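Undergrad: Supplied in structure tokens, the structure appears directly below.
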Amino acid sequence: MKKTGIIAAFIILVVGINFPKGEASQSFGGITLLEITPRIITPNGDAMNDAAFFRFDSTLTGIPLDANIFDITGAKISGISLDSSETALRWDGKDDGGHAVPSGIYIYCITIGQKNATGTVVVAR
């Protein structure tokens, strides 16, 4: 992809569906993404804001989905895993190798069926 294509893709991802808490949720047909909280994570092990949670209105168990975190260049950093509640996805500020990512803006992309939700999460260290 040419550099202009990467920039255009970044703009589309950042401008995508990025609803702050209290605004409209995103429907994927039979399931709804209710909120992403917190939007700024500080993964330092103090049990406060150590991970971002993508909360849905019902269980995600058995639902085929694709959920990933990308850096601002569009490189895949990590998959987003199912939380123990089974109604949320969780990202802990680490890459797929288990290494802490540096401070910065990260883009999430969640796909269920033909629908996507995209937006940003900030890591502050």
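Residues in the structure tokens are named by chain (A, B, ... in the order shown) and by number from 1 within that chain; ligands are numbered from 1 in the order shown.
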Excluding Ile80 of chain A and its own-chain neighbours fewer than 5 positions away, which residues fall within 9 Å of it when counting only C-alpha atoms? Please give them as a list in words.
TA: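 So the residues in contact are Asp66, Ala67, Asn68, Ile69, Leu89, Arg90, Trp91, Asp92, Tyr108 and Ile110 of chain A.
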Undergrad: Would you mind exporting N, CA and C atoms of the selected residues as a PDB file, in the first residue's frame?
TA:
ATOM      1  N   ASP A  66     -13.723 -10.816  14.822  1.00  0.00           N
ATOM      2  CA  ASP A  66     -12.322 -10.492  14.612  1.00  0.00           C
ATOM      3  C   ASP A  66     -12.093  -9.167  15.324  1.00  0.00           C
ATOM      4  N   ALA A  67     -11.197  -9.141  16.292  1.00  0.00           N
ATOM      5  CA  ALA A  67     -10.959  -7.928  17.076  1.00  0.00           C
ATOM      6  C   ALA A  67      -9.455  -7.742  17.243  1.00  0.00           C
ATOM      7  N   ASN A  68      -8.971  -6.581  16.806  1.00  0.00           N
ATOM      8  CA  ASN A  68      -7.527  -6.330  16.815  1.00  0.00           C
ATOM      9  C   ASN A  68      -7.207  -4.899  17.209  1.00  0.00           C
ATOM     10  N   ILE A  69      -5.966  -4.717  17.640  1.00  0.00           N
ATOM     11  CA  ILE A  69      -5.400  -3.405  17.949  1.00  0.00           C
ATOM     12  C   ILE A  69      -4.292  -3.136  16.940  1.00  0.00           C
ATOM     13  N   LEU A  89     -14.717  -7.730  25.556  1.00  0.00           N
ATOM     14  CA  LEU A  89     -13.373  -7.985  25.062  1.00  0.00           C
ATOM     15  C   LEU A  89     -12.434  -7.150  25.922  1.00  0.00           C
ATOM     16  N   ARG A  90     -11.178  -7.588  26.050  1.00  0.00           N
ATOM     17  CA  ARG A  90     -10.226  -6.911  26.923  1.00  0.00           C
ATOM     18  C   ARG A  90      -8.884  -6.788  26.216  1.00  0.00           C
ATOM     19  N   TRP A  91      -8.294  -5.571  26.285  1.00  0.00           N
ATOM     20  CA  TRP A  91      -6.930  -5.375  25.799  1.00  0.00           C
ATOM     21  C   TRP A  91      -6.111  -4.790  26.938  1.00  0.00           C
ATOM     22  N   ASP A  92      -4.985  -5.429  27.230  1.00  0.00           N
ATOM     23  CA  ASP A  92      -4.161  -5.077  28.386  1.00  0.00           C
ATOM     24  C   ASP A  92      -2.955  -4.194  28.074  1.00  0.00           C
ATOM     25  N   TYR A 108      -8.519   0.418  17.518  1.00  0.00           N
ATOM     26  CA  TYR A 108      -9.169  -0.886  17.610  1.00  0.00           C
ATOM     27  C   TYR A 108     -10.076  -1.079  16.406  1.00  0.00           C
ATOM     28  N   ILE A 110     -13.122  -3.930  15.513  1.00  0.00           N
ATOM     29  CA  ILE A 110     -13.904  -5.111  15.883  1.00  0.00           C
ATOM     30  C   ILE A 110     -14.856  -5.394  14.734  1.00  0.00           C
TER      31      ILE A 110
END
Undergrad: Name the residues in contact with segment 24-29 of chain A at a cut-off of 10 Å, using only C-alpha atoms, excluding same-chain residues fewer than 5 positions from it; report them as a list in words.
TA: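 Answer for this query is Ile17, Asn18, Phe19, Leu34, Glu35, Ile36, Phe56, Asp57, Ile110, Thr111, Ile112, Gly113, Gln114, Lys115, Asn116 and Ala117 of chain A.
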Undergrad: Taking C-alpha atoms for each residue, export the selection above as a CSV table (one decimal), in the first residue's frame.
TA:
chain,number,residue,atom,x,y,z
A,17,ILE,CA,-17.3,4.6,15.0
A,18,ASN,CA,-15.7,6.1,18.1
A,19,PHE,CA,-18.5,6.9,20.5
A,34,LEU,CA,-22.3,-0.7,24.5
A,35,GLU,CA,-19.1,1.1,25.6
A,36,ILE,CA,-15.4,1.1,25.6
A,56,PHE,CA,-21.4,-5.8,24.7
A,57,ASP,CA,-25.1,-6.3,25.7
A,110,ILE,CA,-13.9,-5.1,15.9
A,111,THR,CA,-15.7,-7.0,13.1
A,112,ILE,CA,-18.8,-9.2,13.7
A,113,GLY,CA,-20.3,-10.4,10.4
A,114,GLN,CA,-20.2,-7.6,7.9
A,115,LYS,CA,-20.2,-4.8,10.5
A,116,ASN,CA,-17.1,-3.0,11.9
A,117,ALA,CA,-16.5,-0.7,14.9
Undergrad: I'd like the contact shell of Thr42 of chain A - 8 Å cut-off, only C-alpha atoms, skipping same-chain residues fewer than 4 positions apart - returned as a PyMOL selection string.
TA: chain A and resi 48-51+123-125
Undergrad: Distance atom CA of Ala100 of chain A-atom CA of Phe70 of chain A, one decimal place?
TA: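 Pair atom CA of Ala100 of chain A / atom CA of Phe70 of chain A returns 13.8 Å.
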Undergrad: Can you work out the spacing between atom CA of Pro64 of chain A and atom CA of Arg39 of chain A in Å, to one decimal?
TA: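 Atom CA of Pro64 of chain A sits 24.7 Å away from atom CA of Arg39 of chain A.
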Undergrad: Between atom CA of Thr37 of chain A and atom CA of Ala88 of chain A, what is the spacing in Å?
TA: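 Atom CA of Thr37 of chain A lies 10.5 Å from atom CA of Ala88 of chain A.
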Undergrad: With distances taken over only C-alpha atoms, which of A:Ser85, A:Ser78, A:Thr73, A:Ser103 is nearest to Phe54 of chain A?
TA: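 Checking each candidate against Phe54 of chain A, we get A:Ser85 as the closest.
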Undergrad: Between A:Gly30, A:Gly119, A:Pro38, A:Pro43, which is the closest to Val101 of chain A once you count only C-alpha atoms?
TA: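 The answer is A:Pro43, which sits nearest to Val101 of chain A.
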Undergrad: Determine the nearest neighbour of Arg55 of chain A from the options A:Thr32, A:Val122, A:Gly104, A:Ser84, counting only C-alpha atoms.
TA: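 Smallest distance to Arg55 of chain A is found for A:Thr32.
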Undergrad: Write out as a CSV table (one decimal) with C-alpha atoms, in the first residue's frame all residues of chain A that DSSP puts in strand (DSSP E or B) for this structure's backbone.
TA:
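Writing done, so here's states30.csv:
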chain,number,residue,atom,x,y,z
A,26,GLN,CA,-22.9,0.2,17.8
A,27,SER,CA,-25.2,-2.6,16.7
A,32,THR,CA,-24.5,-4.4,20.5
A,33,LEU,CA,-21.2,-2.8,21.6
A,34,LEU,CA,-22.3,-0.7,24.5
A,35,GLU,CA,-19.1,1.1,25.6
A,36,ILE,CA,-15.4,1.1,25.6
A,37,THR,CA,-13.9,1.9,29.0
A,40,ILE,CA,-7.0,6.0,28.3
A,41,ILE,CA,-5.3,3.0,29.9
A,52,ALA,CA,-9.5,-1.4,28.0
A,53,PHE,CA,-12.9,-3.2,28.1
A,54,PHE,CA,-15.2,-3.4,25.0
A,55,ARG,CA,-18.5,-4.2,26.6
A,56,PHE,CA,-21.4,-5.8,24.7
A,65,LEU,CA,-15.6,-12.1,15.5
A,66,ASP,CA,-12.3,-10.5,14.6
A,67,ALA,CA,-11.0,-7.9,17.1
A,68,ASN,CA,-7.5,-6.3,16.8
A,69,ILE,CA,-5.4,-3.4,17.9
A,70,PHE,CA,-3.3,-1.5,15.4
A,76,LYS,CA,-1.3,-5.0,13.8
A,77,ILE,CA,-0.2,-4.9,17.4
A,78,SER,CA,-2.4,-7.4,19.2
A,79,GLY,CA,-5.6,-9.4,19.1
A,81,SER,CA,-9.3,-11.3,23.9
A,82,LEU,CA,-12.6,-12.4,25.4
A,88,ALA,CA,-16.6,-8.0,27.0
A,89,LEU,CA,-13.4,-8.0,25.1
A,90,ARG,CA,-10.2,-6.9,26.9
A,91,TRP,CA,-6.9,-5.4,25.8
A,94,LYS,CA,0.5,-5.5,25.4
A,100,ALA,CA,4.1,-3.8,26.9
A,104,GLY,CA,0.6,6.4,22.3
A,105,ILE,CA,-2.7,6.2,20.3
A,106,TYR,CA,-3.9,2.8,19.3
A,107,ILE,CA,-6.7,1.9,16.9
A,108,TYR,CA,-9.2,-0.9,17.6
A,109,CYS,CA,-11.2,-2.7,14.9
A,110,ILE,CA,-13.9,-5.1,15.9
A,111,THR,CA,-15.7,-7.0,13.1
A,112,ILE,CA,-18.8,-9.2,13.7
A,115,LYS,CA,-20.2,-4.8,10.5
A,116,ASN,CA,-17.1,-3.0,11.9
A,117,ALA,CA,-16.5,-0.7,14.9
A,118,THR,CA,-13.3,1.3,15.0
A,119,GLY,CA,-11.9,3.9,17.2
A,120,THR,CA,-9.0,4.8,19.4
A,121,VAL,CA,-7.6,3.9,22.8
A,122,VAL,CA,-4.7,5.7,24.4
A,123,VAL,CA,-1.9,4.1,26.4
